[in-house]
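Pasting work-v4.txt here (compact mmCIF, C-alpha atoms and all ligand atoms):
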```txt
# COMPACT_ATOMS: atom_id res chain seq x y z
CA MET A 1 6.44 30.62 -10.27
CA THR A 2 4.79 32.29 -13.27
CA ASP A 3 2.60 35.37 -12.95
CA LEU A 4 -0.47 33.24 -13.64
CA ASP A 5 0.53 30.65 -11.04
CA LEU A 6 0.75 33.46 -8.50
CA THR A 7 -2.73 34.67 -9.43
CA ARG A 8 -4.10 31.12 -9.17
CA GLU A 9 -2.59 30.93 -5.70
CA LEU A 10 -4.33 34.26 -4.97
CA CYS A 11 -7.61 32.61 -6.02
CA ALA A 12 -7.05 29.78 -3.53
CA PHE A 13 -6.15 32.34 -0.84
CA ILE A 14 -9.40 34.24 -1.44
CA GLU A 15 -11.45 31.06 -1.44
CA LYS A 16 -10.12 30.24 2.03
CA SER A 17 -10.80 33.78 3.25
CA PRO A 18 -14.53 34.57 3.16
CA THR A 19 -14.41 37.07 6.07
CA ALA A 20 -11.75 39.26 7.69
CA PHE A 21 -11.42 36.64 10.46
CA HIS A 22 -10.65 33.95 7.91
CA THR A 23 -8.28 36.26 6.04
CA VAL A 24 -6.23 36.73 9.20
CA ALA A 25 -6.20 32.96 9.70
CA SER A 26 -5.03 32.50 6.07
CA ILE A 27 -2.27 35.09 6.50
CA SER A 28 -1.20 33.49 9.81
CA ALA A 29 -0.92 30.12 8.06
CA TYR A 30 1.52 31.61 5.54
CA LEU A 31 3.53 33.22 8.33
CA ASP A 32 3.58 30.02 10.42
CA GLU A 33 4.77 28.12 7.39
CA ALA A 34 7.57 30.67 6.95
CA GLY A 35 8.66 30.22 10.58
CA PHE A 36 7.22 33.36 12.15
CA ARG A 37 6.52 33.38 15.89
CA ARG A 38 3.19 34.65 17.21
CA LEU A 39 3.25 37.33 19.91
CA ASN A 40 0.24 38.18 22.05
CA GLU A 41 -0.59 41.74 22.99
CA ASN A 42 -1.19 40.80 26.63
CA ASP A 43 2.23 39.15 27.07
CA SER A 44 5.56 40.85 27.49
CA TRP A 45 7.57 40.71 24.29
CA SER A 46 11.11 39.65 23.76
CA VAL A 47 12.41 40.33 20.28
CA ALA A 48 15.99 39.90 19.11
CA PRO A 49 17.66 41.02 15.88
CA GLY A 50 16.82 38.51 13.17
CA ASP A 51 13.44 37.58 14.68
CA ALA A 52 10.30 37.26 12.57
CA CYS A 53 7.02 37.63 14.49
CA TYR A 54 3.38 38.56 14.11
CA VAL A 55 0.62 39.87 16.29
CA ILE A 56 -3.16 39.74 15.83
CA ARG A 57 -5.84 42.09 17.15
CA ASN A 58 -9.52 41.13 17.29
CA ASN A 59 -8.70 38.13 15.08
CA SER A 60 -9.41 40.43 12.14
CA SER A 61 -6.27 42.58 11.86
CA ILE A 62 -2.68 41.37 11.74
CA ILE A 63 0.78 42.91 11.79
CA ALA A 64 3.96 40.93 11.07
CA PHE A 65 7.52 42.18 11.24
CA LYS A 66 11.06 41.03 10.62
CA ALA A 67 13.75 42.64 12.75
CA GLY A 68 16.90 42.87 10.64
CA ALA A 69 19.91 41.00 11.99
CA ASP A 70 22.21 43.95 11.38
CA ILE A 71 20.32 47.15 12.19
CA PRO A 72 22.72 50.10 12.65
CA ALA A 73 22.91 51.06 16.35
CA ASP A 74 22.07 54.64 15.49
CA GLY A 75 19.75 54.19 12.56
CA ALA A 76 16.74 51.88 12.88
CA ARG A 77 13.90 52.38 10.44
CA PHE A 78 10.65 50.69 9.43
CA GLN A 79 9.79 49.74 5.85
CA MET A 80 6.08 48.93 5.84
CA ALA A 81 3.28 47.91 3.50
CA VAL A 82 -0.34 47.86 4.67
CA SER A 83 -3.62 46.69 3.18
CA HIS A 84 -7.06 45.65 4.45
CA THR A 85 -8.80 42.39 5.34
CA ASP A 86 -12.44 43.43 4.96
CA SER A 87 -14.72 44.01 1.99
CA PRO A 88 -18.35 44.99 1.49
CA MET A 89 -20.68 42.16 2.48
CA LEU A 90 -24.06 41.36 3.96
CA LYS A 91 -23.88 41.10 7.74
CA VAL A 92 -26.44 39.03 9.59
CA LYS A 93 -28.26 40.74 12.48
CA HIS A 94 -28.26 39.18 15.93
CA ASN A 95 -31.83 37.91 15.63
CA PRO A 96 -31.26 36.39 12.21
CA GLU A 97 -34.64 35.16 11.02
CA MET A 98 -37.58 36.90 9.43
CA ASP A 99 -40.81 35.17 8.55
CA GLY A 100 -41.82 35.46 4.93
CA PRO A 101 -45.17 34.65 3.31
CA GLN A 102 -46.23 31.05 2.73
CA GLU A 103 -43.85 29.43 5.25
CA THR A 104 -40.74 31.02 3.74
CA LEU A 105 -37.97 31.99 6.10
CA ARG A 106 -35.59 34.86 5.37
CA ILE A 107 -32.35 36.12 6.87
CA ASP A 108 -32.26 39.58 8.42
CA VAL A 109 -29.16 41.33 7.07
CA GLU A 110 -27.66 44.78 6.80
CA THR A 111 -24.98 45.99 4.43
CA TYR A 112 -21.37 46.30 5.53
CA GLY A 113 -19.40 48.82 3.46
CA GLY A 114 -20.30 50.49 0.18
CA MET A 115 -21.45 47.52 -1.83
CA ILE A 116 -23.06 47.46 -5.28
CA ASP A 117 -26.34 46.02 -4.03
CA ALA A 118 -27.62 44.53 -7.29
CA THR A 119 -24.57 42.29 -7.64
CA TRP A 120 -25.76 40.29 -4.65
CA LEU A 121 -28.98 39.15 -6.33
CA ASP A 122 -29.46 35.67 -7.80
CA ARG A 123 -26.19 34.34 -6.42
CA PRO A 124 -26.09 31.36 -4.09
CA LEU A 125 -24.49 32.63 -0.87
CA GLY A 126 -22.52 30.92 1.86
CA ILE A 127 -22.31 32.02 5.47
CA ALA A 128 -19.12 32.59 7.44
CA GLY A 129 -17.73 34.51 10.38
CA ARG A 130 -16.91 33.97 14.03
CA VAL A 131 -18.94 32.90 17.04
CA MET A 132 -18.18 33.02 20.76
CA VAL A 133 -18.84 29.61 22.28
CA ARG A 134 -19.17 28.67 25.96
CA THR A 135 -16.99 25.58 26.41
CA ALA A 136 -16.95 22.80 29.00
CA ASP A 137 -13.88 24.22 30.73
CA GLY A 138 -15.76 27.40 31.65
CA ARG A 139 -14.17 29.58 28.98
CA VAL A 140 -15.95 31.37 26.17
CA LYS A 141 -13.91 30.83 23.02
CA SER A 142 -13.87 32.29 19.53
CA ARG A 143 -14.49 29.85 16.69
CA LEU A 144 -14.44 30.41 12.97
CA VAL A 145 -17.35 29.09 10.99
CA ALA A 146 -17.88 28.77 7.24
CA SER A 147 -20.72 26.88 5.63
CA ASP A 148 -18.66 25.78 2.60
CA ARG A 149 -21.98 25.35 0.86
CA ASP A 150 -24.66 27.69 -0.39
CA VAL A 151 -27.34 28.39 2.18
CA ALA A 152 -29.11 31.53 1.00
CA LEU A 153 -29.99 33.57 -2.08
CA ILE A 154 -31.56 36.96 -2.78
CA PRO A 155 -33.96 36.33 -5.65
CA ASN A 156 -34.70 39.01 -8.20
CA VAL A 157 -38.33 39.86 -8.92
CA ALA A 158 -39.46 38.34 -12.21
CA ILE A 159 -39.82 40.71 -15.14
CA HIS A 160 -43.53 39.79 -15.27
CA GLN A 161 -44.09 41.30 -11.84
CA MET A 162 -41.84 44.30 -12.41
CA ARG A 163 -41.96 45.34 -16.04
CA GLU A 164 -40.00 48.52 -15.37
CA THR A 165 -37.02 46.72 -13.87
CA ASN A 166 -34.73 47.31 -16.85
CA LYS A 167 -35.26 51.05 -16.56
CA GLY A 168 -33.33 51.09 -13.30
CA ARG A 169 -34.63 50.03 -9.93
CA GLU A 170 -33.61 51.23 -6.50
CA LEU A 171 -33.28 48.36 -4.04
CA ASN A 172 -34.55 48.91 -0.52
CA ARG A 173 -31.98 47.28 1.72
CA GLN A 174 -34.46 46.12 4.35
CA VAL A 175 -36.92 44.71 1.82
CA ASP A 176 -35.10 43.80 -1.39
CA LEU A 177 -31.84 42.45 0.04
CA ALA A 178 -33.36 39.91 2.44
CA PRO A 179 -32.08 36.49 1.36
CA ILE A 180 -34.33 33.45 1.33
CA PHE A 181 -33.15 30.76 3.75
CA SER A 182 -35.94 28.20 3.52
CA ALA A 183 -38.92 27.60 1.24
CA GLY A 184 -40.76 25.83 4.05
CA LEU A 185 -38.75 22.86 5.27
CA LEU A 186 -36.95 24.84 7.97
CA GLY A 187 -38.68 26.54 10.87
CA ARG A 188 -37.74 29.28 13.33
CA GLY A 189 -34.50 28.49 15.11
CA ALA A 190 -33.02 26.66 12.13
CA PHE A 191 -30.52 29.41 11.40
CA ASP A 192 -28.98 29.38 14.87
CA ALA A 193 -29.07 25.56 14.85
CA MET A 194 -27.12 25.61 11.57
CA ILE A 195 -24.52 27.98 13.00
CA ALA A 196 -24.21 25.86 16.14
CA GLU A 197 -23.67 22.77 14.01
CA LEU A 198 -20.99 24.56 11.98
CA ALA A 199 -19.32 25.62 15.25
CA GLY A 200 -19.58 22.14 16.75
CA THR A 201 -21.78 23.22 19.64
CA ASP A 202 -25.41 23.84 20.57
CA PRO A 203 -27.29 27.13 20.02
CA ALA A 204 -27.53 27.94 23.74
CA SER A 205 -23.74 27.88 24.06
CA ILE A 206 -23.25 30.65 21.48
CA LEU A 207 -23.03 33.97 23.30
CA GLY A 208 -22.04 36.21 20.40
CA LYS A 209 -21.70 36.05 16.64
CA GLU A 210 -20.50 38.07 13.67
CA LEU A 211 -21.69 36.40 10.51
CA PHE A 212 -21.62 37.44 6.89
CA LEU A 213 -23.12 36.11 3.70
CA TYR A 214 -20.52 35.69 0.99
CA ASN A 215 -20.40 34.87 -2.69
CA ARG A 216 -19.10 31.34 -3.16
CA MET A 217 -18.56 31.53 -6.91
CA PRO A 218 -15.05 30.09 -7.37
CA PRO A 219 -12.40 32.74 -8.11
CA HIS A 220 -10.68 32.02 -11.39
CA VAL A 221 -8.38 33.21 -14.14
CA TRP A 222 -10.18 33.54 -17.46
CA GLY A 223 -10.04 34.97 -20.99
CA TRP A 224 -8.84 33.49 -24.28
CA ALA A 225 -5.44 35.00 -23.44
CA ASP A 226 -5.72 34.41 -19.67
CA GLU A 227 -5.75 38.16 -19.03
CA PHE A 228 -8.36 38.36 -16.29
CA VAL A 229 -9.01 37.19 -12.78
CA SER A 230 -12.45 37.44 -11.20
CA ALA A 231 -13.23 36.86 -7.55
CA GLN A 232 -15.07 38.19 -4.55
CA ARG A 233 -12.96 40.44 -2.30
CA LEU A 234 -10.21 41.20 -4.86
CA ASP A 235 -10.29 44.60 -3.15
CA ASP A 236 -8.14 44.26 -1.11
CA HIS A 237 -7.01 40.62 -1.12
CA GLN A 238 -5.06 41.09 -4.33
CA CYS A 239 -2.85 43.66 -2.55
CA ALA A 240 -2.85 41.85 0.80
CA PHE A 241 -1.72 38.61 -0.83
CA ALA A 242 0.95 40.18 -3.06
CA SER A 243 2.36 42.24 -0.17
CA LEU A 244 2.38 39.19 2.12
CA LYS A 245 4.33 37.13 -0.41
CA ALA A 246 6.76 40.01 -0.99
CA PHE A 247 7.22 40.56 2.75
CA ILE A 248 7.95 36.88 3.41
CA ALA A 249 10.36 36.60 0.47
CA ALA A 250 12.36 39.80 1.03
CA GLN A 251 15.45 39.88 3.21
CA ASN A 252 16.71 43.10 4.70
CA PRO A 253 19.23 42.92 7.53
CA SER A 254 19.45 46.70 8.01
CA CYS A 255 15.87 47.60 8.97
CA ILE A 256 12.59 46.37 10.42
CA THR A 257 10.22 45.32 7.67
CA VAL A 258 6.52 45.36 8.51
CA PHE A 259 3.43 43.84 6.90
CA GLY A 260 0.03 45.04 8.14
CA CYS A 261 -3.49 44.06 7.15
CA PHE A 262 -6.32 45.89 8.89
CA ASP A 263 -10.03 45.32 9.32
CA ASN A 264 -12.82 47.86 8.86
CA GLU A 265 -11.32 49.92 6.04
CA GLU A 266 -14.66 49.72 4.25
CA VAL A 267 -16.45 51.45 7.14
CA GLY A 268 -13.86 54.15 7.82
CA SER A 269 -11.18 52.29 9.86
CA GLY A 270 -12.39 53.79 13.16
CA THR A 271 -12.34 50.64 15.30
CA LYS A 272 -9.89 49.27 17.86
CA GLN A 273 -8.37 47.07 15.16
CA GLY A 274 -8.73 49.44 12.17
CA ALA A 275 -6.02 51.58 10.57
CA HIS A 276 -7.19 54.52 12.69
CA SER A 277 -6.54 52.57 15.90
CA THR A 278 -3.32 52.45 17.87
CA PHE A 279 -2.57 48.90 16.66
CA LEU A 280 0.29 49.78 14.32
CA ARG A 281 1.72 52.40 16.69
CA ASP A 282 1.47 50.07 19.69
CA THR A 283 3.23 47.32 17.77
CA LEU A 284 6.07 49.51 16.48
CA VAL A 285 6.60 51.09 19.91
CA ARG A 286 6.85 47.65 21.49
CA VAL A 287 9.18 46.28 18.83
CA ASN A 288 11.43 49.31 19.22
CA ALA A 289 11.49 48.89 23.01
CA ALA A 290 12.03 45.13 22.83
CA LEU A 291 15.05 45.72 20.62
CA GLY A 292 16.43 48.14 23.22
CA GLY A 293 15.39 51.40 21.57
CA THR A 294 14.43 54.49 23.58
CA ASP A 295 11.42 56.74 22.98
CA GLU A 296 13.67 59.05 21.05
CA ASP A 297 15.06 56.17 19.02
CA TYR A 298 11.47 55.34 18.04
CA LEU A 299 10.76 58.86 16.83
CA ARG A 300 14.06 59.00 14.99
CA ALA A 301 13.25 55.68 13.36
CA LEU A 302 9.87 57.00 12.18
CA ALA A 303 11.59 59.97 10.56
CA ARG A 304 13.61 57.51 8.45
CA SER A 305 10.67 55.19 7.74
CA PHE A 306 8.44 54.61 4.75
CA LEU A 307 4.97 53.14 4.36
CA VAL A 308 3.29 51.80 1.22
CA SER A 309 -0.49 51.87 1.57
CA CYS A 310 -1.81 49.17 -0.78
CA ASP A 311 -5.44 49.24 -1.81
CA ASN A 312 -6.92 48.40 -5.16
CA SER A 313 -7.60 51.13 -7.69
CA HIS A 314 -9.74 51.47 -10.78
CA ALA A 315 -8.98 50.26 -14.27
CA ILE A 316 -10.54 52.28 -17.05
CA HIS A 317 -13.99 50.83 -17.80
CA PRO A 318 -14.24 50.07 -21.52
CA ASN A 319 -17.90 51.11 -21.66
CA HIS A 320 -17.48 54.28 -19.64
CA PRO A 321 -14.15 55.98 -20.30
CA GLU A 322 -15.91 59.32 -19.68
CA LEU A 323 -15.97 58.52 -15.95
CA TYR A 324 -12.16 58.72 -15.73
CA ASP A 325 -9.51 61.38 -16.07
CA GLY A 326 -8.02 60.24 -19.37
CA GLU A 327 -4.55 61.48 -18.49
CA ASN A 328 -4.42 59.92 -15.04
CA CYS A 329 -5.94 56.49 -15.16
CA GLY A 330 -4.76 52.92 -15.25
CA ARG A 331 -5.50 49.73 -17.14
CA LEU A 332 -5.60 46.05 -16.28
CA ASN A 333 -2.16 44.39 -16.34
CA GLY A 334 -0.49 47.80 -16.74
CA GLY A 335 1.47 47.59 -13.48
CA VAL A 336 1.23 49.11 -10.02
CA ILE A 337 -0.91 52.24 -9.83
CA ILE A 338 0.34 55.20 -7.81
CA LYS A 339 -2.67 57.16 -6.53
CA GLU A 340 -2.65 60.86 -5.75
CA SER A 341 -5.35 63.33 -4.72
CA ALA A 342 -5.30 67.03 -3.87
CA ASN A 343 -7.60 66.45 -0.88
CA GLN A 344 -4.94 64.11 0.61
CA LYS A 345 -7.22 61.09 0.75
CA TYR A 346 -4.12 59.46 -0.69
CA THR A 347 -0.79 59.98 1.04
CA THR A 348 1.23 60.30 -2.17
CA ASP A 349 3.30 63.48 -2.45
CA ALA A 350 6.28 64.41 -4.59
CA PHE A 351 8.75 62.85 -2.14
CA SER A 352 6.94 59.56 -1.62
CA ARG A 353 6.08 59.19 -5.31
CA ALA A 354 9.77 59.66 -6.06
CA VAL A 355 10.77 56.94 -3.56
CA PHE A 356 8.29 54.42 -4.94
CA THR A 357 9.05 55.35 -8.55
CA ALA A 358 12.76 54.85 -7.91
CA VAL A 359 12.03 51.39 -6.48
CA CYS A 360 9.84 50.42 -9.44
CA GLU A 361 12.27 51.74 -12.04
CA ASP A 362 15.29 50.08 -10.47
CA ALA A 363 13.36 46.82 -10.14
CA GLY A 364 12.01 47.03 -13.70
CA VAL A 365 8.37 46.94 -12.56
CA PRO A 366 5.79 48.82 -14.67
CA TYR A 367 3.78 51.49 -12.89
CA GLN A 368 0.91 53.80 -13.77
CA THR A 369 -0.91 56.70 -12.18
CA PHE A 370 -4.43 57.41 -11.02
CA ALA A 371 -6.30 60.52 -10.01
CA ASN A 372 -10.04 60.97 -9.71
CA ARG A 373 -11.94 63.14 -12.14
CA SER A 374 -11.95 66.62 -10.64
CA ASP A 375 -15.76 66.59 -10.47
CA SER A 376 -15.84 63.34 -8.46
CA PRO A 377 -14.82 62.94 -4.82
CA GLY A 378 -13.56 59.38 -5.34
CA GLY A 379 -12.99 56.91 -2.55
CA PHE A 380 -10.87 56.72 0.56
CA THR A 381 -8.39 54.23 1.88
CA LEU A 382 -6.23 53.49 4.90
CA GLY A 383 -2.87 55.18 4.28
CA ASN A 384 -3.73 58.71 5.38
CA ILE A 385 -5.77 57.36 8.31
CA SER A 386 -2.86 55.20 9.48
CA ASN A 387 -0.62 58.24 9.13
CA THR A 388 -2.54 60.05 11.88
CA GLN A 389 -1.23 57.39 14.31
CA VAL A 390 2.15 56.61 12.81
CA SER A 391 3.28 59.63 10.81
CA VAL A 392 5.81 58.64 8.20
CA HIS A 393 6.55 59.26 4.54
CA ALA A 394 3.90 57.25 2.70
CA VAL A 395 2.63 56.50 -0.77
CA ASP A 396 -0.73 55.11 -1.88
CA VAL A 397 -0.63 52.41 -4.51
CA GLY A 398 -2.97 49.70 -5.78
CA LEU A 399 -3.78 47.39 -8.66
CA ALA A 400 -6.25 48.21 -11.39
CA GLN A 401 -9.62 46.49 -11.18
CA LEU A 402 -13.13 46.72 -12.56
CA ALA A 403 -16.42 46.68 -10.66
CA MET A 404 -14.97 47.62 -7.28
CA HIS A 405 -17.34 46.56 -4.46
CA SER A 406 -19.30 44.21 -6.67
CA SER A 407 -19.82 40.77 -5.13
CA PHE A 408 -17.58 39.50 -7.96
CA GLU A 409 -14.79 41.82 -9.04
CA THR A 410 -12.39 41.63 -11.99
CA ALA A 411 -8.70 42.48 -12.23
CA GLY A 412 -5.70 41.76 -14.43
CA ALA A 413 -4.18 38.30 -14.05
CA ALA A 414 -0.60 39.67 -14.35
CA ASP A 415 -0.87 42.50 -11.83
CA ALA A 416 -0.44 40.63 -8.53
CA ALA A 417 3.05 39.72 -9.78
CA HIS A 418 3.76 43.39 -10.55
CA LEU A 419 2.96 44.40 -6.99
CA LEU A 420 4.85 41.45 -5.55
CA ARG A 421 8.01 42.40 -7.47
CA ALA A 422 7.71 46.09 -6.57
CA LEU A 423 7.21 45.35 -2.87
CA GLU A 424 9.88 42.66 -2.71
CA ALA A 425 12.28 45.27 -4.07
CA PHE A 426 10.92 47.86 -1.62
CA TYR A 427 11.20 45.59 1.42
CA GLY A 428 14.73 44.56 0.51
CA ALA A 429 15.97 48.05 -0.36
CA GLU A 430 18.28 50.27 1.61
CA ILE A 431 16.21 53.46 1.72
CA ALA A 432 18.01 56.37 3.35
CA ILE A 433 15.70 59.32 4.03
CA GLU A 434 16.94 62.80 4.93
CA GLY A 435 13.79 64.62 6.07
CA ALA A 436 12.01 65.80 2.97
CA ASP A 437 15.21 67.06 1.39
CA ALA A 438 16.68 63.96 -0.19
CA PHE A 439 16.79 60.19 -0.20
CA THR A 440 18.74 57.37 -1.75
CA VAL A 441 17.33 53.97 -2.71
CA LYS A 442 19.58 50.97 -3.21
CA LEU A 443 17.87 47.70 -4.05
CA ALA A 444 19.22 44.52 -2.50
CA THR A 445 20.52 43.58 -5.96
CA GLN A 446 22.52 46.82 -6.08
CA LEU A 447 24.21 46.47 -2.68
ZN ZN A 501 -9.98 48.59 -0.67
```

For this file, produce the structure as structure tokens.
Amino acid sequence: MTDLDLTRELCAFIEKSPTAFHTVASISAYLDEAGFRRLNENDSWSVAPGDACYVIRNNSSIIAFKAGADIPADGARFQMAVSHTDSPMLKVKHNPEMDGPQETLRIDVETYGGMIDATWLDRPLGIAGRVMVRTADGRVKSRLVASDRDVALIPNVAIHQMRETNKGRELNRQVDLAPIFSAGLLGRGAFDAMIAELAGTDPASILGKELFLYNRMPPHVWGWADEFVSAQRLDDHQCAFASLKAFIAAQNPSCITVFGCFDNEEVGSGTKQGAHSTFLRDTLVRVNAALGGTDEDYLRALARSFLVSCDNSHAIHPNHPELYDGENCGRLNGGVIIKESANQKYTTDAFSRAVFTAVCEDAGVPYQTFANRSDSPGGFTLGNISNTQVSVHAVDVGLAQLAMHSSFETAGAADAAHLLRALEAFYGAEIAIEGADAFTVKLATQL
């Protein structure tokens, strides 16, 4: 598969994944196809060496693992890569309709995550999410819904009514971001009737819903030299997809490889299924126990373990290079970015940078570095938050992109392949960690 083919597959993956719930379903489909077995948190687990399994929490976070067939009796370890399923979007409130003037009907939304509000204007939007449906057998079941057609739009105000608009306009999220749903043909109740139809039920049978408006513009590779890919939710689907493909492809008999993709990173990860929850810890503890490990074995395994936190980073913006630290910034298609910050919002330290650099160099994968300008706080991600629950050597990496948190983001068409190759090498490597004193890395190709 060429680098561009991989990125086109990423586009198809994103198109099938309009919300975190759908992303988990898309990831599960890949894992099912690869022969993984689903475990449920409320069952007892039996896991044997050589098994490949996954577990889902809240239908919006997922962890998969492969237990090596030949793990040393006295030396288990986890080699993990994590990313996130969510992205900034417009979330529909429980009572979804607002009357507008002249028979118009609008949708009542609030913002989820730190979105660039203006990028949501004048784009036809679809609706997707999950609903809880009362079924004939007396159960209340979760169902995914996606409109697969445009059903709403947030119209700009014409220049004639707002002459100052090009001088910069602050959007009021309650007023200016309300999408139009009907010009007059649909009346009150139409929104819930639409959702019920999408869910194959009637409105009265829906007891709960989490619905988001999403940009349906098709993701695609573009440019005269095919250098770019633009899509909604590239942050963090580009990393999630590349790490999933690497995780499935890599073989490592001597350790437990782990793939994690968590919801709610964009709102601080502090939910039962977010990176700050016990989900990863619970899963690793149970895998260790199912394989016959003791509590002490688990802690010893963590001391030998390594986590790669994968979340997209910034490419230098051609119109605004002054916003970047010129010595520590990345470019599109320049390879995997290693992120570091003094305030420890990124987990990267000398030791973990050295581990990841050794992997990239031995695998022949290009890498770059990123640090925020010293007068800018920058963003946050999930690695250091996850590390409060499962404390292991960790590095923060990502792929360069433009317009992070726009409703349509742009990245380099070759970079998903860079991360895939780096992580396939990482997952397959024999990484022997001695505290913070020393380590050795041997790639599968070097064994
Ligand atoms: Zn992100």

Checklist entry - How would you write, as a list in words, the set of residues no farther than 10 Å from ligand ZN 501 (chain A) when counting all atoms listed in the file? => result Ser83, His84, Thr85, Asp86, Ser87, Pro88, Arg233, Leu234, Asp235, Asp236, His237, Gln238, Cys239, Ala240, Asn264, Glu265, Glu266, Cys310, Asp311, Asn312, Ser313, Gly379, Phe380, Thr381, Leu382, Gly398, Met404 and His405 of chain A

Item to check | For CA of Thr369 in chain A and CA of Lys339 in chain A, the interatomic separation in Å (one decimal) | outcome: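 Going from CA of Thr369 in chain A over to CA of Lys339 in chain A covers 5.9 Å.
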
Checklist entry - List as JSON, numbers by chain: which residues have an atom within 12 Å of (4.5, 40.9, -3.2), counting all atoms listed in the file? => result {"A": [3, 6, 7, 10, 81, 82, 83, 237, 238, 239, 240, 241, 242, 243, 244, 245, 246, 247, 248, 249, 250, 259, 308, 310, 336, 365, 398, 399, 415, 416, 417, 418, 419, 420, 421, 422, 423, 424, 425, 426, 427, 428]}

Checklist entry - Counting all atoms listed in the file, which of A:Ala301, A:Ile180, A:Met132, A:Leu198 gets nearest to Asp148 in chain A? => result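 So, comparing all the options, the nearest one is A:Leu198.
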
Checklist entry - Quick one, how far is CA of Phe351 in chain A from CA of Arg300 in chain A? => result 18.3 Å

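With only the atoms specified (only C-alpha atoms) counting, those residues at most 12 Å away from (-1.8, 58.7, 13.3) are Ser269, Gly270, Gly274, Ala275, His276, Ser277, Thr278, Phe279, Leu280, Arg281, Asp282, Leu302, Leu382, Gly383, Asn384, Ile385, Ser386, Asn387, Thr388, Gln389, Val390, Ser391 and Val392 of chain A.
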
Checklist entry - Any idea what's packed within 12 Å of Ser305 in chain A, counting only C-alpha atoms, ignoring anything in its chain fewer than 3 positions away? Could you give it as a ChimeraX atom specification? => result /A:75-81,255-258,284,298-302,308,352,355,387,390-395,426-427,430-436,439

Checklist entry - With all atoms listed in the file as the basis for distance, which of A:Phe181, A:Ser60, A:Gln368, A:Glu33 is at the shortest distance from Gln273 in chain A? => result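 The answer is A:Ser60, which sits nearest to Gln273 in chain A.
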
Per residue of range 63-171 of chain A within 12 Å of range 18-24 of chain A, which atom pair is closest and at what distance in Å (one decimal), using all atoms listed in the file, listed by chain and increasing number, as a Markdown table?
```
| residue | atom | partner | partner_atom | distance |
| --- | --- | --- | --- | --- |
| A:Ile63 | CA | A:Val24 | CA | 9.7 |
| A:Ala64 | CA | A:Val24 | CA | 11.2 |
| A:Ser83 | CA | A:Thr23 | CA | 11.8 |
| A:His84 | CA | A:Ala20 | CA | 8.6 |
| A:Thr85 | CA | A:Ala20 | CA | 4.9 |
| A:Asp86 | CA | A:Ala20 | CA | 5.0 |
| A:Ser87 | CA | A:Ala20 | CA | 8.0 |
| A:Pro88 | CA | A:Thr19 | CA | 10.0 |
| A:Met89 | CA | A:Thr19 | CA | 8.8 |
| A:Leu90 | CA | A:Thr19 | CA | 10.8 |
| A:Lys91 | CA | A:Thr19 | CA | 10.4 |
| A:Tyr112 | CA | A:Thr19 | CA | 11.6 |
| A:Leu125 | CA | A:Pro18 | CA | 10.9 |
| A:Gly126 | CA | A:Pro18 | CA | 8.9 |
| A:Ile127 | CA | A:Pro18 | CA | 8.5 |
| A:Ala128 | CA | A:Pro18 | CA | 6.6 |
| A:Gly129 | CA | A:Thr19 | CA | 6.0 |
| A:Arg130 | CA | A:Phe21 | CA | 7.1 |
| A:Val131 | CA | A:Phe21 | CA | 10.7 |
| A:Ser142 | CA | A:Phe21 | CA | 10.4 |
| A:Arg143 | CA | A:Phe21 | CA | 9.7 |
| A:Leu144 | CA | A:His22 | CA | 7.2 |
| A:Val145 | CA | A:His22 | CA | 8.8 |
| A:Ala146 | CA | A:Pro18 | CA | 7.8 |
| A:Ser147 | CA | A:Pro18 | CA | 10.2 |
| A:Asp148 | CA | A:Pro18 | CA | 9.7 |
```

Next on the checklist: With distances taken over only C-alpha atoms, which residue among A:Arg173, A:His320, A:Arg188, A:Arg139 lies nearest Asn95 in chain A?
Outcome noted: A:Arg188

Checklist entry - In terms of the shortest atom-to-atom distance over all atoms listed in the file, which of A:Gly292, A:Pro318, A:Asn172, A:Asn58 is closest to Thr271 in chain A? => result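 Closest residue, counting all atoms listed in the file: A:Asn58.
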